[in-house]
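I have placed the structure first, in the form of structure tokens, so that the comments after it can refer back to it.
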Amino acid sequence: RAPFDPHDPLGIDDLLSPEDRAVRDTVRGWAADRVLPHVADWYERGELPSLRELARELGAIGALGMPLTGYGCAGASAVQYGLACLELEAADSGIRSMVSVQGSLAMYAIHRYGSEEQRQEWLPRMAAGEVIGCFGLTEPDHGSDPASMRTRAKRDGSDWVLDGRKMWITNGSVAGVAVVWAQTEDGVRGFAVPTDTPGFSAPEIHHKWSLRASVTSELVLDGVRLPADAVLPGATGLGGPLSCLNHARYGIVWGAMGAARSCFEAALDYATGREQFGRPIAGFQLTQAKFADMAVELHKGILLAHHLGLRMDAGTLRPEQVSFGKLNNVREAIEICRTARTILGANGISLEYPVMRHATNLESVLTYEGTVEMHQLVLGKALTGLDAFRG
Ligand code: TGC
Ligand code: FAD
């Protein structure tokens with residue numbers, strides 16, 4: 001029997017193929033070299049200064065649009081994409097967010113719903129990290145209920161004219177292309193908007209106390225005139241953007257466990273070295289109870305993510321199952337980070353350690369891509385057959 005590994009107590013590694021491990025190790029190595037030495041500083045400054053450089057490097061290792069096929073994308077499995085998200089978020093949720101929005105939202109929308117011309121125009125450069133994408137669904141007054149969005153796209157001859165506002169948009173002010181969702185006479189449609197189009201601007205949102213190493217922006221659309229072929233032809237109705245969310249939410253199911261793992265490991269390392277009452281604090285029964293509970297939720301969460309990944313690869317994953325995973329794993333990850341913080345005592349609040357940074361990041365992760373309550377209601381509806389959203 002293999003010896004007990006405190007970092008993999010259930011032997012989950014045995015479920016992975018050599019290719020899965022190679023993907024994981026590549027992304028882990030990249031994050032260790034390129035993110036971990038700098039991220040506390042970026043976080044403190046509230047910036048992601050080398051975003052464009054990082055995006056190109058992520059493109060070079062195949063991490064952008066990773067499970068998509070063709071157009072320069074890696075064509076990786078869902079499990080491999082999930083492992084990459086876990087490793088990126090173990091460094092910082094902001095890096096995973098940048099990759100999620102690029103690959104699972106902006107690129108996925110163009111790949112699934114775009115014309116062949118739109119795919120050829122945008123995807124190879126996005127896969128290489130040469131063009132950054134963003135995904136504008138949320139508005140200042142409409143977050144959980146995107147069906148009520150006010151952004152409008154009207155026909156003017158063969159052109160489209162877009163007016164409205166989007167809020168809290170990751171990658172917004174660095175994007176070369178914005179996938180914008182707007183109401184039309186035929187329902188919600190998506191548009192690939194080159195961000196140098198007159199009338200488009202993306203002021204950055206400052207003063208965030210979470211996701212500080214991430215670019216978040218407003219999108220302002222004032223009479224943005226687009227040619228007829230800017231609309232994504234394959235999507236009509238809210239199901240278009242919501243189907244993109246399934247993919248990004250799936251990445252978060254894995255990613256949240258990365259943030260939790262980082263906090264668990266920081267706490268374990270700290271508790272074995274730190275002494276109080278003449279003994280390492282890891283030797284106290286109350287501390288060990290915390291470690292046992294954290295490990296149980298961490299590795300249950302990774303098993304759940306792996307299970308959902310196998311279902312996605314098999315084509316059997318349902319949106320309600322993604323809600324199950326997002327609800328559980330983000331909620332448990334936050335609990336693990338908060339518990340880890342207590343183990344570090346006062347040092348737990350310092351940026352010298354990753355714990356508080358992860359805990360505050362996860363407050364955003366808990367809200368974006370569907371709040372806790374949205375995922376409870378999605379599951380509630382599936383379990384009871386009754387829709388609580390609109391009564
Ligand atoms: P509802 O009537 O239930 O559905 C409308 C149409 O959409 C279909 N649908 C889905 N299709 C695919 N996947 C899903 N998950 C779907 N959920 C619903 C549905 O079948 C229907 O299709 P059809 O053909 O019958 O018209 O819609 P509703 O208005 O009642 O709303 C449902 C609700 C509340 C679950 C939905 O609006 C929702 O998910 N709200 C949360 C909004 C949200 O998550 N926004 C995220 C914005 S992007 C972001 O946060 C990026 S963060 C950065 C990062 O990822 O790192
Ligand atoms: P609201 O919808 O106003 O909700 C407020 C509270 O009310 C929540 O607790 C909610 O659960 C609760 N609530 C609402 N309706 C109900 C109900 N029926 N029953 C019970 N409770 C309810 N969006 C994008 O489109 N693209 C992005 O790239 C993006 N990036 C983001 C990055 C960051 C850092 C953050 C913080 C957000 C980002 N978002 C993005 C926006 C995010 O998706 C929304 O914040 C989220 O969907 C919630 O919307 P809201 O903030 O308007 O909250």
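Chains: A, B, ... in order of the structure tokens. Residues: from 1 per chain. Ligands: from 1, in order shown.
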
>> Set the distance at 12 Å and use only C-alpha atoms: which residues neighbour His375 of chain A once local chain neighbours fewer than 5 positions away are removed? I'd like the list as a list in words.
In response: Ser144, Asn246, Arg249, Pro319, Glu320, Gln321, Val322, Ser323, Phe324, Gly325, Lys326, Leu327, Asn328, Asn329, Val330, Arg331, Leu366, Thr367, Tyr368, Glu369, Gly370, Gly380, Lys381, Ala382, Ala388 and Phe389 of chain A

> Got a sec to check which residues lie within 7 Å of ligand 1, using only C-alpha atoms and all ligand atoms, and send them as a VMD selection string?
Replying inline: chain A and resid 96 to 98 100 to 101 135 137 to 138 143 to 147 170 237 to 240 242 to 243 245 to 246 248 to 249 319 368 to 371 374 378 389 to 390

> Which residues come within 8 Å of Asp163 of chain A, counting only C-alpha atoms, excluding same-chain residues fewer than 6 positions away, as number ranges by chain?
Replying inline: A: 151-153, 220-224

Output N, CA and C atoms for every residue in the selection just made, as a PDB file, in the first residue's frame.
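The result, written out as out-v5.pdb:
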ATOM      1  N   THR A 151     -29.866  46.763 -21.994  1.00  0.00           N
ATOM      2  CA  THR A 151     -29.048  47.038 -23.187  1.00  0.00           C
ATOM      3  C   THR A 151     -29.812  46.561 -24.423  1.00  0.00           C
ATOM      4  N   ARG A 152     -29.883  47.451 -25.413  1.00  0.00           N
ATOM      5  CA  ARG A 152     -30.701  47.172 -26.601  1.00  0.00           C
ATOM      6  C   ARG A 152     -29.840  47.174 -27.861  1.00  0.00           C
ATOM      7  N   ALA A 153     -30.162  46.296 -28.782  1.00  0.00           N
ATOM      8  CA  ALA A 153     -29.558  46.337 -30.123  1.00  0.00           C
ATOM      9  C   ALA A 153     -30.701  46.513 -31.119  1.00  0.00           C
ATOM     10  N   VAL A 220     -19.542  50.750 -21.527  1.00  0.00           N
ATOM     11  CA  VAL A 220     -20.492  51.794 -21.916  1.00  0.00           C
ATOM     12  C   VAL A 220     -20.700  51.678 -23.420  1.00  0.00           C
ATOM     13  N   LEU A 221     -21.959  51.538 -23.821  1.00  0.00           N
ATOM     14  CA  LEU A 221     -22.289  51.404 -25.245  1.00  0.00           C
ATOM     15  C   LEU A 221     -23.204  52.559 -25.622  1.00  0.00           C
ATOM     16  N   ASP A 222     -22.627  53.533 -26.296  1.00  0.00           N
ATOM     17  CA  ASP A 222     -23.398  54.720 -26.684  1.00  0.00           C
ATOM     18  C   ASP A 222     -23.495  54.767 -28.197  1.00  0.00           C
ATOM     19  N   GLY A 223     -24.582  54.239 -28.727  1.00  0.00           N
ATOM     20  CA  GLY A 223     -24.770  54.251 -30.181  1.00  0.00           C
ATOM     21  C   GLY A 223     -23.655  53.510 -30.911  1.00  0.00           C
ATOM     22  N   VAL A 224     -23.299  52.348 -30.405  1.00  0.00           N
ATOM     23  CA  VAL A 224     -22.218  51.560 -31.038  1.00  0.00           C
ATOM     24  C   VAL A 224     -22.765  50.911 -32.314  1.00  0.00           C
TER      25      VAL A 224
END

> Which residue out of A:Asp41, A:Glu335, A:Asp186, A:Asp5 has the minimum interatomic distance to Pro354 of chain A when only C-alpha atoms are used?
Replying inline: A:Asp41

>> Using DSSP secondary structure from the backbone, list all strand (DSSP E) positions within segment 14-182 of chain A, as JSON, numbers by chain.
In response: {"A": [133, 134, 135, 136, 152, 153, 154, 155, 156, 159, 160, 161, 162, 163, 164, 165, 166, 167, 168, 169, 170, 177, 178, 179, 180, 181, 182]}

> Residues of segment 11-222 of chain A in alpha helix (DSSP H) according to DSSP, as a PyMOL selection string?
Replying inline: chain A and resi 18-34+39-45+51-60+78-91+93-99+108-113+116-127

>> I'd like the neighbourhood of Ile132 of chain A as a ChimeraX atom specification, where a residue qualifies if any of its atoms comes within 10 Å (using only C-alpha atoms), though same-chain residues fewer than 6 positions away should be ignored.
In response: /A:51-52,55-56,98-99,101-103,106-107,122,125-126,171-178

> Closest to Tyr113 of chain A among A:Thr342, A:Gly301, A:Val179, A:Cys337, using only C-alpha atoms?
Replying inline: A:Val179

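A straight line drawn from atom CA of Ala271 of chain A to atom CA of Leu286 of chain A is 11.9 Å long.
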